[in-house]
$ cat query_18.pdb   # PDB, C-alpha atoms
ATOM      1  CA  MET A  31      -7.144   4.069   0.954  1.00  0.00           C
ATOM      2  CA  ALA A  32      -9.511   5.243   3.665  1.00  0.00           C
ATOM      3  CA  ALA A  33     -11.748   3.282   6.025  1.00  0.00           C
ATOM      4  CA  ASP A  34     -14.395   2.709   3.354  1.00  0.00           C
ATOM      5  CA  GLY A  35     -12.068   0.262   1.609  1.00  0.00           C
ATOM      6  CA  PHE A  36     -12.062  -2.159   4.526  1.00  0.00           C
ATOM      7  CA  GLY A  37     -15.760  -2.798   5.097  1.00  0.00           C
ATOM      8  CA  SER A  38     -15.797  -6.249   3.521  1.00  0.00           C
ATOM      9  CA  LEU A  39     -12.727  -7.388   5.462  1.00  0.00           C
ATOM     10  CA  ALA A  40     -13.897  -5.952   8.784  1.00  0.00           C
ATOM     11  CA  GLY A  41     -17.258  -7.643   8.306  1.00  0.00           C
ATOM     12  CA  GLN A  42     -15.526 -11.026   8.362  1.00  0.00           C
ATOM     13  CA  PHE A  43     -14.481 -10.528  12.011  1.00  0.00           C
ATOM     14  CA  PRO A  44     -17.717 -10.176  14.030  1.00  0.00           C
ATOM     15  CA  ASP A  45     -15.980 -11.772  17.020  1.00  0.00           C
ATOM     16  CA  ARG A  46     -13.322  -9.044  17.193  1.00  0.00           C
ATOM     17  CA  THR A  47     -13.381  -5.338  17.879  1.00  0.00           C
ATOM     18  CA  VAL A  48     -12.261  -3.908  14.545  1.00  0.00           C
ATOM     19  CA  VAL A  49     -11.331  -0.253  14.085  1.00  0.00           C
ATOM     20  CA  THR A  50     -10.850   1.279  10.641  1.00  0.00           C
ATOM     21  CA  TYR A  51      -9.789   4.882  10.139  1.00  0.00           C
ATOM     22  CA  ASP A  52      -9.103   7.527   7.512  1.00  0.00           C
ATOM     23  CA  PRO A  53      -5.423   8.484   7.364  1.00  0.00           C
ATOM     24  CA  ARG A  54      -4.544  12.152   7.659  1.00  0.00           C
ATOM     25  CA  GLY A  55      -5.721  14.045   4.571  1.00  0.00           C
ATOM     26  CA  LEU A  56      -7.631  11.116   3.064  1.00  0.00           C
ATOM     27  CA  GLY A  57     -11.330  10.300   3.056  1.00  0.00           C
ATOM     28  CA  ARG A  58     -13.130  12.181   5.824  1.00  0.00           C
ATOM     29  CA  SER A  59      -9.875  13.475   7.330  1.00  0.00           C
ATOM     30  CA  VAL A  60      -9.343  17.159   6.564  1.00  0.00           C
ATOM     31  CA  ARG A  61      -5.818  18.422   7.120  1.00  0.00           C
ATOM     32  CA  LYS A  62      -5.160  21.521   9.185  1.00  0.00           C
ATOM     33  CA  ASP A  63      -1.366  21.493   9.059  1.00  0.00           C
ATOM     34  CA  GLY A  64      -1.030  23.163   5.665  1.00  0.00           C
ATOM     35  CA  ARG A  65       0.727  20.160   4.115  1.00  0.00           C
ATOM     36  CA  GLU A  66      -0.314  17.975   1.216  1.00  0.00           C
ATOM     37  CA  ASP A  67       2.254  15.170   1.377  1.00  0.00           C
ATOM     38  CA  HIS A  68       1.740  11.721   2.893  1.00  0.00           C
ATOM     39  CA  VAL A  69       4.632  10.777   5.174  1.00  0.00           C
ATOM     40  CA  PRO A  70       4.767   7.364   6.901  1.00  0.00           C
ATOM     41  CA  ASP A  71       6.288   8.691  10.135  1.00  0.00           C
ATOM     42  CA  VAL A  72       3.555  11.334  10.422  1.00  0.00           C
ATOM     43  CA  GLN A  73       0.833   8.787   9.668  1.00  0.00           C
ATOM     44  CA  ALA A  74       2.400   6.418  12.220  1.00  0.00           C
ATOM     45  CA  GLY A  75       2.188   9.126  14.870  1.00  0.00           C
ATOM     46  CA  ASP A  76      -1.494   9.526  14.063  1.00  0.00           C
ATOM     47  CA  LEU A  77      -2.077   5.778  14.327  1.00  0.00           C
ATOM     48  CA  HIS A  78      -0.298   5.748  17.701  1.00  0.00           C
ATOM     49  CA  ALA A  79      -2.663   8.518  18.832  1.00  0.00           C
ATOM     50  CA  VAL A  80      -5.685   6.491  17.681  1.00  0.00           C
ATOM     51  CA  ILE A  81      -4.463   3.456  19.630  1.00  0.00           C
ATOM     52  CA  GLN A  82      -3.907   5.583  22.720  1.00  0.00           C
ATOM     53  CA  ALA A  83      -7.379   7.114  22.399  1.00  0.00           C
ATOM     54  CA  LEU A  84      -8.878   3.624  22.215  1.00  0.00           C
ATOM     55  CA  GLY A  85      -7.211   2.528  25.439  1.00  0.00           C
ATOM     56  CA  GLY A  86      -3.537   2.143  24.684  1.00  0.00           C
ATOM     57  CA  GLY A  87      -3.319  -1.320  23.167  1.00  0.00           C
ATOM     58  CA  PRO A  88      -1.417  -3.378  22.425  1.00  0.00           C
ATOM     59  CA  VAL A  89      -3.392  -4.291  19.316  1.00  0.00           C
ATOM     60  CA  ASP A  90      -3.139  -6.409  16.198  1.00  0.00           C
ATOM     61  CA  VAL A  91      -2.668  -4.314  13.058  1.00  0.00           C
ATOM     62  CA  PHE A  92      -3.427  -5.116   9.427  1.00  0.00           C
ATOM     63  CA  GLY A  93      -2.153  -2.646   6.868  1.00  0.00           C
ATOM     64  CA  SER A  94      -2.022  -2.927   3.105  1.00  0.00           C
ATOM     65  CA  SER A  95       0.121  -1.022   0.605  1.00  0.00           C
ATOM     66  CA  GLY A  96       0.768   2.472   1.996  1.00  0.00           C
ATOM     67  CA  GLY A  97      -0.962   1.442   5.217  1.00  0.00           C
ATOM     68  CA  ALA A  98       1.530  -1.391   5.571  1.00  0.00           C
ATOM     69  CA  VAL A  99       4.368   1.132   5.368  1.00  0.00           C
ATOM     70  CA  THR A 100       2.680   3.282   8.016  1.00  0.00           C
ATOM     71  CA  ALA A 101       2.360   0.214  10.225  1.00  0.00           C
ATOM     72  CA  LEU A 102       6.058  -0.615   9.850  1.00  0.00           C
ATOM     73  CA  ALA A 103       6.843   2.976  10.866  1.00  0.00           C
ATOM     74  CA  LEU A 104       4.501   2.560  13.854  1.00  0.00           C
ATOM     75  CA  VAL A 105       6.283  -0.565  15.078  1.00  0.00           C
ATOM     76  CA  THR A 106       9.621   1.210  14.621  1.00  0.00           C
ATOM     77  CA  ALA A 107       8.555   4.158  16.782  1.00  0.00           C
ATOM     78  CA  HIS A 108       6.094   2.474  19.174  1.00  0.00           C
ATOM     79  CA  PRO A 109       6.735  -1.284  19.267  1.00  0.00           C
ATOM     80  CA  GLU A 110       4.732  -1.557  22.480  1.00  0.00           C
ATOM     81  CA  ASP A 111       1.576  -0.664  20.532  1.00  0.00           C
ATOM     82  CA  VAL A 112       1.429  -3.799  18.394  1.00  0.00           C
ATOM     83  CA  VAL A 113       1.233  -7.510  19.204  1.00  0.00           C
ATOM     84  CA  THR A 114       1.079  -8.747  15.612  1.00  0.00           C
ATOM     85  CA  LEU A 115       1.502  -6.679  12.466  1.00  0.00           C
ATOM     86  CA  VAL A 116       0.382  -8.099   9.143  1.00  0.00           C
ATOM     87  CA  ALA A 117       1.895  -5.816   6.505  1.00  0.00           C
ATOM     88  CA  HIS A 118       0.400  -6.711   3.126  1.00  0.00           C
ATOM     89  CA  GLU A 119       2.491  -5.757   0.092  1.00  0.00           C
ATOM     90  CA  PRO A 120       4.255  -2.629   1.393  1.00  0.00           C
ATOM     91  CA  PRO A 121       5.447  -0.855  -1.787  1.00  0.00           C
ATOM     92  CA  LEU A 122       9.034  -0.338  -0.612  1.00  0.00           C
ATOM     93  CA  THR A 123      10.455  -0.166  -4.110  1.00  0.00           C
ATOM     94  CA  GLY A 124      13.883   0.906  -2.890  1.00  0.00           C
ATOM     95  CA  LEU A 125      14.452  -2.667  -1.719  1.00  0.00           C
ATOM     96  CA  LEU A 126      13.948  -4.102  -5.213  1.00  0.00           C
ATOM     97  CA  PRO A 127      16.959  -5.335  -7.201  1.00  0.00           C
ATOM     98  CA  ASP A 128      15.733  -3.132 -10.050  1.00  0.00           C
ATOM     99  CA  ALA A 129      15.039  -0.138  -7.796  1.00  0.00           C
ATOM    100  CA  ASP A 130      16.373   2.413 -10.311  1.00  0.00           C
ATOM    101  CA  ALA A 131      14.165   1.067 -13.083  1.00  0.00           C
ATOM    102  CA  ALA A 132      11.175   1.001 -10.725  1.00  0.00           C
ATOM    103  CA  ASP A 133      11.825   4.662  -9.900  1.00  0.00           C
ATOM    104  CA  ARG A 134      11.930   5.427 -13.611  1.00  0.00           C
ATOM    105  CA  ALA A 135       8.607   3.640 -14.135  1.00  0.00           C
ATOM    106  CA  GLY A 136       7.068   5.605 -11.280  1.00  0.00           C
ATOM    107  CA  LYS A 137       8.311   8.892 -12.699  1.00  0.00           C
ATOM    108  CA  GLN A 138       6.886   7.927 -16.086  1.00  0.00           C
ATOM    109  CA  MET A 139       3.487   7.454 -14.440  1.00  0.00           C
ATOM    110  CA  ARG A 140       3.655  10.788 -12.594  1.00  0.00           C
ATOM    111  CA  ASP A 141       4.759  12.554 -15.784  1.00  0.00           C
ATOM    112  CA  ALA A 142       1.781  11.077 -17.638  1.00  0.00           C
ATOM    113  CA  TYR A 143      -0.536  12.391 -14.921  1.00  0.00           C
ATOM    114  CA  GLN A 144       0.997  15.869 -14.984  1.00  0.00           C
ATOM    115  CA  ALA A 145       0.767  15.978 -18.779  1.00  0.00           C
ATOM    116  CA  GLY A 146      -2.706  14.544 -19.314  1.00  0.00           C
ATOM    117  CA  GLY A 147      -4.626  14.394 -16.054  1.00  0.00           C
ATOM    118  CA  PHE A 148      -6.359  11.555 -14.258  1.00  0.00           C
ATOM    119  CA  GLY A 149      -7.179   9.271 -17.201  1.00  0.00           C
ATOM    120  CA  ALA A 150      -3.651   9.399 -18.587  1.00  0.00           C
ATOM    121  CA  GLY A 151      -2.107   8.957 -15.152  1.00  0.00           C
ATOM    122  CA  MET A 152      -4.308   6.052 -14.166  1.00  0.00           C
ATOM    123  CA  THR A 153      -3.631   4.295 -17.469  1.00  0.00           C
ATOM    124  CA  ALA A 154       0.099   4.601 -16.782  1.00  0.00           C
ATOM    125  CA  PHE A 155      -0.441   3.386 -13.225  1.00  0.00           C
ATOM    126  CA  MET A 156      -2.306   0.303 -14.448  1.00  0.00           C
ATOM    127  CA  LYS A 157       0.574  -0.426 -16.818  1.00  0.00           C
ATOM    128  CA  LEU A 158       3.075  -0.119 -13.963  1.00  0.00           C
ATOM    129  CA  ALA A 159       1.055  -2.065 -11.409  1.00  0.00           C
ATOM    130  CA  SER A 160       0.276  -5.008 -13.703  1.00  0.00           C
ATOM    131  CA  TRP A 161       3.781  -5.522 -15.121  1.00  0.00           C
ATOM    132  CA  LYS A 162       5.251  -8.838 -14.021  1.00  0.00           C
ATOM    133  CA  GLY A 163       8.911  -9.135 -13.140  1.00  0.00           C
ATOM    134  CA  GLU A 164      11.674  -6.571 -13.266  1.00  0.00           C
ATOM    135  CA  PHE A 165      11.252  -3.404 -15.314  1.00  0.00           C
ATOM    136  CA  THR A 166      13.168  -4.033 -18.525  1.00  0.00           C
ATOM    137  CA  ASP A 167      13.561  -2.225 -21.842  1.00  0.00           C
ATOM    138  CA  ASP A 168      10.457  -4.116 -23.014  1.00  0.00           C
ATOM    139  CA  TYR A 169       8.396  -2.324 -20.376  1.00  0.00           C
ATOM    140  CA  PHE A 170       9.622   1.133 -21.342  1.00  0.00           C
ATOM    141  CA  ALA A 171       9.068   0.343 -25.024  1.00  0.00           C
ATOM    142  CA  LEU A 172       5.348  -0.304 -24.503  1.00  0.00           C
ATOM    143  CA  PRO A 173       3.119   2.206 -26.309  1.00  0.00           C
ATOM    144  CA  THR A 174       0.888   4.586 -24.398  1.00  0.00           C
ATOM    145  CA  ALA A 175      -2.605   3.168 -24.044  1.00  0.00           C
ATOM    146  CA  ASP A 176      -5.814   5.102 -24.634  1.00  0.00           C
ATOM    147  CA  PRO A 177      -7.612   5.787 -21.303  1.00  0.00           C
ATOM    148  CA  ALA A 178     -10.963   5.158 -23.015  1.00  0.00           C
ATOM    149  CA  GLN A 179      -9.834   1.581 -23.608  1.00  0.00           C
ATOM    150  CA  PHE A 180     -10.138   1.052 -19.851  1.00  0.00           C
ATOM    151  CA  GLY A 181     -13.275   3.124 -19.326  1.00  0.00           C
ATOM    152  CA  LEU A 182     -11.236   6.028 -17.947  1.00  0.00           C
ATOM    153  CA  PRO A 183     -11.939   9.690 -18.734  1.00  0.00           C
ATOM    154  CA  THR A 184     -10.140  11.108 -21.751  1.00  0.00           C
ATOM    155  CA  GLU A 185     -10.766  14.756 -20.865  1.00  0.00           C
ATOM    156  CA  ASP A 186      -8.435  16.527 -18.455  1.00  0.00           C
ATOM    157  CA  ASP A 187     -10.282  17.938 -15.432  1.00  0.00           C
ATOM    158  CA  GLY A 188      -7.300  20.118 -14.590  1.00  0.00           C
ATOM    159  CA  ARG A 189      -6.661  18.619 -11.160  1.00  0.00           C
ATOM    160  CA  ARG A 190      -3.214  17.388 -10.163  1.00  0.00           C
ATOM    161  CA  ASP A 191      -3.776  16.485  -6.522  1.00  0.00           C
ATOM    162  CA  ASP A 192      -4.418  12.732  -6.731  1.00  0.00           C
ATOM    163  CA  PRO A 193      -2.476  11.148  -3.831  1.00  0.00           C
ATOM    164  CA  LEU A 194      -1.601   8.057  -5.875  1.00  0.00           C
ATOM    165  CA  LEU A 195      -0.654   9.636  -9.205  1.00  0.00           C
ATOM    166  CA  SER A 196       1.103  12.787  -8.027  1.00  0.00           C
ATOM    167  CA  ASP A 197       4.310  13.133  -6.038  1.00  0.00           C
ATOM    168  CA  ARG A 198       2.397  13.576  -2.773  1.00  0.00           C
ATOM    169  CA  SER A 199       2.988   9.987  -1.695  1.00  0.00           C
ATOM    170  CA  LEU A 200       6.603   9.640  -2.792  1.00  0.00           C
ATOM    171  CA  ALA A 201       7.634   9.411   0.871  1.00  0.00           C
ATOM    172  CA  VAL A 202       5.699   6.127   1.048  1.00  0.00           C
ATOM    173  CA  SER A 203       7.450   4.236  -1.747  1.00  0.00           C
ATOM    174  CA  THR A 204      10.846   5.748  -0.864  1.00  0.00           C
ATOM    175  CA  TYR A 205      10.531   4.937   2.842  1.00  0.00           C
ATOM    176  CA  TRP A 206      13.525   2.954   4.100  1.00  0.00           C
ATOM    177  CA  PRO A 207      12.623   0.543   6.912  1.00  0.00           C
ATOM    178  CA  ASP A 208      14.743   0.464  10.058  1.00  0.00           C
ATOM    179  CA  VAL A 209      15.490  -3.248   9.900  1.00  0.00           C
ATOM    180  CA  ASP A 210      17.391  -3.309  13.198  1.00  0.00           C
ATOM    181  CA  ALA A 211      14.510  -1.668  15.075  1.00  0.00           C
ATOM    182  CA  LEU A 212      11.906  -3.888  13.455  1.00  0.00           C
ATOM    183  CA  THR A 213      13.744  -7.143  14.110  1.00  0.00           C
ATOM    184  CA  ALA A 214      14.450  -6.092  17.714  1.00  0.00           C
ATOM    185  CA  ALA A 215      10.825  -5.167  18.426  1.00  0.00           C
ATOM    186  CA  PRO A 216       8.659  -7.518  20.504  1.00  0.00           C
ATOM    187  CA  THR A 217       6.028  -7.246  17.767  1.00  0.00           C
ATOM    188  CA  ARG A 218       5.464 -10.296  15.595  1.00  0.00           C
ATOM    189  CA  ILE A 219       5.747  -8.999  12.030  1.00  0.00           C
ATOM    190  CA  VAL A 220       4.255 -10.908   9.093  1.00  0.00           C
ATOM    191  CA  ILE A 221       4.802  -9.646   5.541  1.00  0.00           C
ATOM    192  CA  GLY A 222       2.020 -10.689   3.179  1.00  0.00           C
ATOM    193  CA  VAL A 223       1.886 -10.914  -0.608  1.00  0.00           C
ATOM    194  CA  GLY A 224      -0.974 -11.753  -2.953  1.00  0.00           C
ATOM    195  CA  GLU A 225      -0.886 -15.017  -4.856  1.00  0.00           C
ATOM    196  CA  GLU A 226      -1.952 -13.180  -8.037  1.00  0.00           C
ATOM    197  CA  SER A 227       0.304 -10.145  -7.563  1.00  0.00           C
ATOM    198  CA  ILE A 228       3.454 -11.823  -6.296  1.00  0.00           C
ATOM    199  CA  GLU A 229       5.319 -11.064  -9.556  1.00  0.00           C
ATOM    200  CA  GLU A 230       4.065  -7.465  -9.775  1.00  0.00           C
ATOM    201  CA  ILE A 231       5.791  -4.444  -8.261  1.00  0.00           C
ATOM    202  CA  THR A 232       3.966  -4.472  -4.917  1.00  0.00           C
ATOM    203  CA  GLY A 233       4.235  -8.229  -4.538  1.00  0.00           C
ATOM    204  CA  ARG A 234       7.935  -8.154  -5.384  1.00  0.00           C
ATOM    205  CA  ALA A 235       8.423  -5.303  -2.907  1.00  0.00           C
ATOM    206  CA  GLY A 236       6.669  -7.413  -0.273  1.00  0.00           C
ATOM    207  CA  LEU A 237       9.027 -10.300  -0.960  1.00  0.00           C
ATOM    208  CA  ALA A 238      12.000  -7.935  -0.720  1.00  0.00           C
ATOM    209  CA  THR A 239      10.730  -6.514   2.573  1.00  0.00           C
ATOM    210  CA  ALA A 240      10.331  -9.982   4.037  1.00  0.00           C
ATOM    211  CA  ALA A 241      13.849 -10.908   2.924  1.00  0.00           C
ATOM    212  CA  ALA A 242      15.248  -7.744   4.516  1.00  0.00           C
ATOM    213  CA  LEU A 243      13.632  -8.811   7.800  1.00  0.00           C
ATOM    214  CA  GLY A 244      15.090 -12.303   7.488  1.00  0.00           C
ATOM    215  CA  GLN A 245      11.804 -14.086   6.844  1.00  0.00           C
ATOM    216  CA  GLU A 246       9.681 -15.537   4.081  1.00  0.00           C
ATOM    217  CA  ALA A 247       6.563 -13.716   2.971  1.00  0.00           C
ATOM    218  CA  THR A 248       3.148 -15.223   3.693  1.00  0.00           C
ATOM    219  CA  VAL A 249       0.970 -15.705   0.624  1.00  0.00           C
ATOM    220  CA  PHE A 250      -2.617 -14.441   0.799  1.00  0.00           C
ATOM    221  CA  PRO A 251      -5.453 -15.184  -1.629  1.00  0.00           C
ATOM    222  CA  SER A 252      -6.089 -12.894  -4.588  1.00  0.00           C
ATOM    223  CA  HIS A 253      -4.259  -9.722  -5.589  1.00  0.00           C
ATOM    224  CA  HIS A 254      -2.944  -6.454  -4.129  1.00  0.00           C
ATOM    225  CA  GLY A 255      -6.451  -5.519  -3.023  1.00  0.00           C
ATOM    226  CA  GLY A 256      -7.464  -9.081  -2.242  1.00  0.00           C
ATOM    227  CA  PHE A 257      -9.416  -8.015   0.861  1.00  0.00           C
ATOM    228  CA  LEU A 258     -11.772  -5.800  -1.174  1.00  0.00           C
ATOM    229  CA  GLY A 259     -15.399  -6.616  -1.781  1.00  0.00           C
ATOM    230  CA  GLY A 260     -17.084  -4.195  -4.156  1.00  0.00           C
ATOM    231  CA  GLU A 261     -15.714  -1.085  -2.467  1.00  0.00           C
ATOM    232  CA  HIS A 262     -13.290  -0.010  -5.176  1.00  0.00           C
ATOM    233  CA  GLY A 263     -14.464  -1.794  -8.299  1.00  0.00           C
ATOM    234  CA  TYR A 264     -11.711  -4.406  -8.471  1.00  0.00           C
ATOM    235  CA  ALA A 265     -12.970  -6.997  -6.039  1.00  0.00           C
ATOM    236  CA  GLY A 266     -10.704  -9.582  -4.493  1.00  0.00           C
ATOM    237  CA  LYS A 267     -11.670 -12.579  -2.381  1.00  0.00           C
ATOM    238  CA  PRO A 268     -12.513 -11.045   1.001  1.00  0.00           C
ATOM    239  CA  GLU A 269     -13.840 -14.256   2.588  1.00  0.00           C
ATOM    240  CA  ALA A 270     -10.774 -16.302   1.656  1.00  0.00           C
ATOM    241  CA  PHE A 271      -8.485 -13.391   2.483  1.00  0.00           C
ATOM    242  CA  ALA A 272     -10.067 -13.025   5.925  1.00  0.00           C
ATOM    243  CA  ALA A 273      -9.739 -16.740   6.590  1.00  0.00           C
ATOM    244  CA  LYS A 274      -6.009 -16.518   5.881  1.00  0.00           C
ATOM    245  CA  LEU A 275      -5.685 -13.383   8.009  1.00  0.00           C
ATOM    246  CA  ARG A 276      -7.467 -15.104  10.883  1.00  0.00           C
ATOM    247  CA  GLU A 277      -5.067 -18.043  10.580  1.00  0.00           C
ATOM    248  CA  VAL A 278      -2.056 -15.693  10.580  1.00  0.00           C
ATOM    249  CA  LEU A 279      -3.274 -13.703  13.579  1.00  0.00           C
ATOM    250  CA  ALA A 280      -3.789 -16.928  15.500  1.00  0.00           C
ATOM    251  CA  GLY A 281      -0.091 -17.538  15.047  1.00  0.00           C
TER     252      GLY A 281
END
$ encode --input "query_18.pdb" --output "structure tokens"
Amino acid sequence: MAADGFGSLAGQFPDRTVVTYDPRGLGRSVRKDGREDHVPDVQAGDLHAVIQALGGGPVDVFGSSGGAVTALALVTAHPEDVVTLVAHEPPLTGLLPDADAADRAGKQMRDAYQAGGFGAGMTAFMKLASWKGEFTDDYFALPTADPAQFGLPTEDDGRRDDPLLSDRSLAVSTYWPDVDALTAAPTRIVIGVGEESIEEITGRAGLATAAALGQEATVFPSHHGGFLGGEHGYAGKPEAFAAKLREVLAG
């Protein structure tokens, strides 16, 4: 997600200086390094550079999903940059008790995208993202849904470069946090999960991340994108989400 996904949340903090940005290769950011993959350590270096350009921090950081993983990598490499990190549902699926099955489900989604294009891939992603609990034989026995059923395109546009549905972001979900570095950092780290998504893959990964850090996750209103207004079509509860975030940042 790029900066345009955070307008509703940022608008809830008129009393703070809020900076949103487009990660390398996403949104308005055009890559010049010849690479197409999204790597948390690289993104963390970019975020460190942004903080330095703004005056050096330290700052409070909110990151969600892949951005939460980037923020964990930032605190690992540059703990002096961050006072409080709120990492909302980092999709660190390797920490799950059913990590192998989660990997299989992810590969199934990427295979669907490679075989049928965006509509097929997004349908498989929706199946994966909405499944509650561990990935069992019942999950893998589910039939393939028709993209048109969800208002998704049925024709293949030929592209295979979607950062979510391709293998370009595998380094995000397979990132392994340096627990020793994170727990030793002066940064206050809060792992958040959505009250509606707590049983889904990203919510479960958030719970697992919190447990790895020796803490309990903090529950936020709504779902994985609970901070969204109308930016991406699946609105959350940005006012309630912001109120909880304000409470968390206040400590």
$ closest_atom_pairs --input "query_18.pdb" --of "stretch 35-80 of chain A" --to "stretch 246-269 of chain A" --cutoff "7 Å" --atoms "all atoms listed in the file" --output "JSON lines"
{"residue": "A:Gly35", "atom": "CA", "partner": "A:Glu261", "partner_atom": "CA", "distance": 5.6}
{"residue": "A:Phe36", "atom": "CA", "partner": "A:Leu258", "partner_atom": "CA", "distance": 6.8}
{"residue": "A:Ser38", "atom": "CA", "partner": "A:Gly259", "partner_atom": "CA", "distance": 5.3}
{"residue": "A:Leu39", "atom": "CA", "partner": "A:Phe257", "partner_atom": "CA", "distance": 5.7}
{"residue": "A:Gln42", "atom": "CA", "partner": "A:Glu269", "partner_atom": "CA", "distance": 6.8}
$ resolve_selection --input "query_18.pdb" --expression "the PyMOL selection byres ((chain A and resi 93) around 9)" --output "VMD selection string"
chain A and resid 91 to 92 94 to 102 115 to 120
$ resolve_selection --input "query_18.pdb" --expression "the PyMOL selection byres ((chain A and resi 58-66) around 12)" --output "PDB file with C-alpha atoms, keeping the file's coordinate frame"
ATOM      1  CA  MET A  31      -7.144   4.069   0.954  1.00  0.00           C
ATOM      2  CA  ALA A  32      -9.511   5.243   3.665  1.00  0.00           C
ATOM      3  CA  ALA A  33     -11.748   3.282   6.025  1.00  0.00           C
ATOM      4  CA  ASP A  34     -14.395   2.709   3.354  1.00  0.00           C
ATOM      5  CA  TYR A  51      -9.789   4.882  10.139  1.00  0.00           C
ATOM      6  CA  ASP A  52      -9.103   7.527   7.512  1.00  0.00           C
ATOM      7  CA  PRO A  53      -5.423   8.484   7.364  1.00  0.00           C
ATOM      8  CA  ARG A  54      -4.544  12.152   7.659  1.00  0.00           C
ATOM      9  CA  GLY A  55      -5.721  14.045   4.571  1.00  0.00           C
ATOM     10  CA  LEU A  56      -7.631  11.116   3.064  1.00  0.00           C
ATOM     11  CA  GLY A  57     -11.330  10.300   3.056  1.00  0.00           C
ATOM     12  CA  ASP A  67       2.254  15.170   1.377  1.00  0.00           C
ATOM     13  CA  HIS A  68       1.740  11.721   2.893  1.00  0.00           C
ATOM     14  CA  VAL A  69       4.632  10.777   5.174  1.00  0.00           C
ATOM     15  CA  VAL A  72       3.555  11.334  10.422  1.00  0.00           C
ATOM     16  CA  GLN A  73       0.833   8.787   9.668  1.00  0.00           C
ATOM     17  CA  ASP A  76      -1.494   9.526  14.063  1.00  0.00           C
ATOM     18  CA  ARG A 190      -3.214  17.388 -10.163  1.00  0.00           C
ATOM     19  CA  ASP A 191      -3.776  16.485  -6.522  1.00  0.00           C
ATOM     20  CA  ASP A 192      -4.418  12.732  -6.731  1.00  0.00           C
ATOM     21  CA  PRO A 193      -2.476  11.148  -3.831  1.00  0.00           C
ATOM     22  CA  SER A 196       1.103  12.787  -8.027  1.00  0.00           C
ATOM     23  CA  ASP A 197       4.310  13.133  -6.038  1.00  0.00           C
ATOM     24  CA  ARG A 198       2.397  13.576  -2.773  1.00  0.00           C
ATOM     25  CA  SER A 199       2.988   9.987  -1.695  1.00  0.00           C
ATOM     26  CA  LEU A 200       6.603   9.640  -2.792  1.00  0.00           C
ATOM     27  CA  ALA A 201       7.634   9.411   0.871  1.00  0.00           C
TER      28      ALA A 201
END
$ resolve_selection --input "query_18.pdb" --expression "the PyMOL selection byres ((chain A and resi 146) around 12)" --output "number ranges by chain"
A: 139-145, 147-154, 174, 176-177, 183-190, 195
$ closest_residue --input "query_18.pdb" --among "A:Arg234, A:Val105, A:Pro70, A:Ala270" --to "A:Ala132" --atoms "only C-alpha atoms"
A:Arg234
$ axis_aligned_box --input "query_18.pdb" --around "stretch 80-88 of chain A" --padding-each-side "4 Å" --output "JSON"
{"center_x": -5.1, "center_y": 1.9, "center_z": 21.6, "size_x": 15.5, "size_y": 18.5, "size_z": 15.8}
$ atom_distance --input "query_18.pdb" --atom1 "atom CA of A:Val113" --atom2 "atom CA of A:Pro88"
5.9 Å
$ atom_distance --input "query_18.pdb" --atom1 "atom CA of A:Pro109" --atom2 "atom CA of A:Val278"
19.0 Å
$ residues_near_point --input "query_18.pdb" --point "(10.3, 6.1, -15.4)" --cutoff "12 Å" --atoms "only C-alpha atoms" --output "count of residues only"
25
$ closest_residue --input "query_18.pdb" --among "A:Gly224, A:Glu164, A:Pro121, A:Ala273" --to "A:Val202" --atoms "all atoms listed in the file"
A:Pro121
$ atom_distance --input "query_18.pdb" --atom1 "atom CA of A:Ala238" --atom2 "atom CA of A:Glu110"
25.1 Å
$ residues_near_point --input "query_18.pdb" --point "(4.1, -9.0, 17.0)" --cutoff "8 Å" --atoms "all atoms listed in the file" --output "ChimeraX atom specification"
/A:90,112-115,215-219
$ write_last_selection --input "query_18.pdb" --atoms "C-alpha atoms" --output "PDB file, in the frame of the given file"
ATOM      1  CA  ASP A  90      -3.139  -6.409  16.198  1.00  0.00           C
ATOM      2  CA  VAL A 112       1.429  -3.799  18.394  1.00  0.00           C
ATOM      3  CA  VAL A 113       1.233  -7.510  19.204  1.00  0.00           C
ATOM      4  CA  THR A 114       1.079  -8.747  15.612  1.00  0.00           C
ATOM      5  CA  LEU A 115       1.502  -6.679  12.466  1.00  0.00           C
ATOM      6  CA  ALA A 215      10.825  -5.167  18.426  1.00  0.00           C
ATOM      7  CA  PRO A 216       8.659  -7.518  20.504  1.00  0.00           C
ATOM      8  CA  THR A 217       6.028  -7.246  17.767  1.00  0.00           C
ATOM      9  CA  ARG A 218       5.464 -10.296  15.595  1.00  0.00           C
ATOM     10  CA  ILE A 219       5.747  -8.999  12.030  1.00  0.00           C
TER      11      ILE A 219
END
$ closest_residue --input "query_18.pdb" --among "A:Ile231, A:Leu212, A:Leu77, A:Leu126" --to "A:Met156" --atoms "all atoms listed in the file"
A:Ile231
$ closest_residue --input "query_18.pdb" --among "A:Pro127, A:Gly281, A:Thr106, A:Arg276" --to "A:Arg46" --atoms "only C-alpha atoms"
A:Arg276
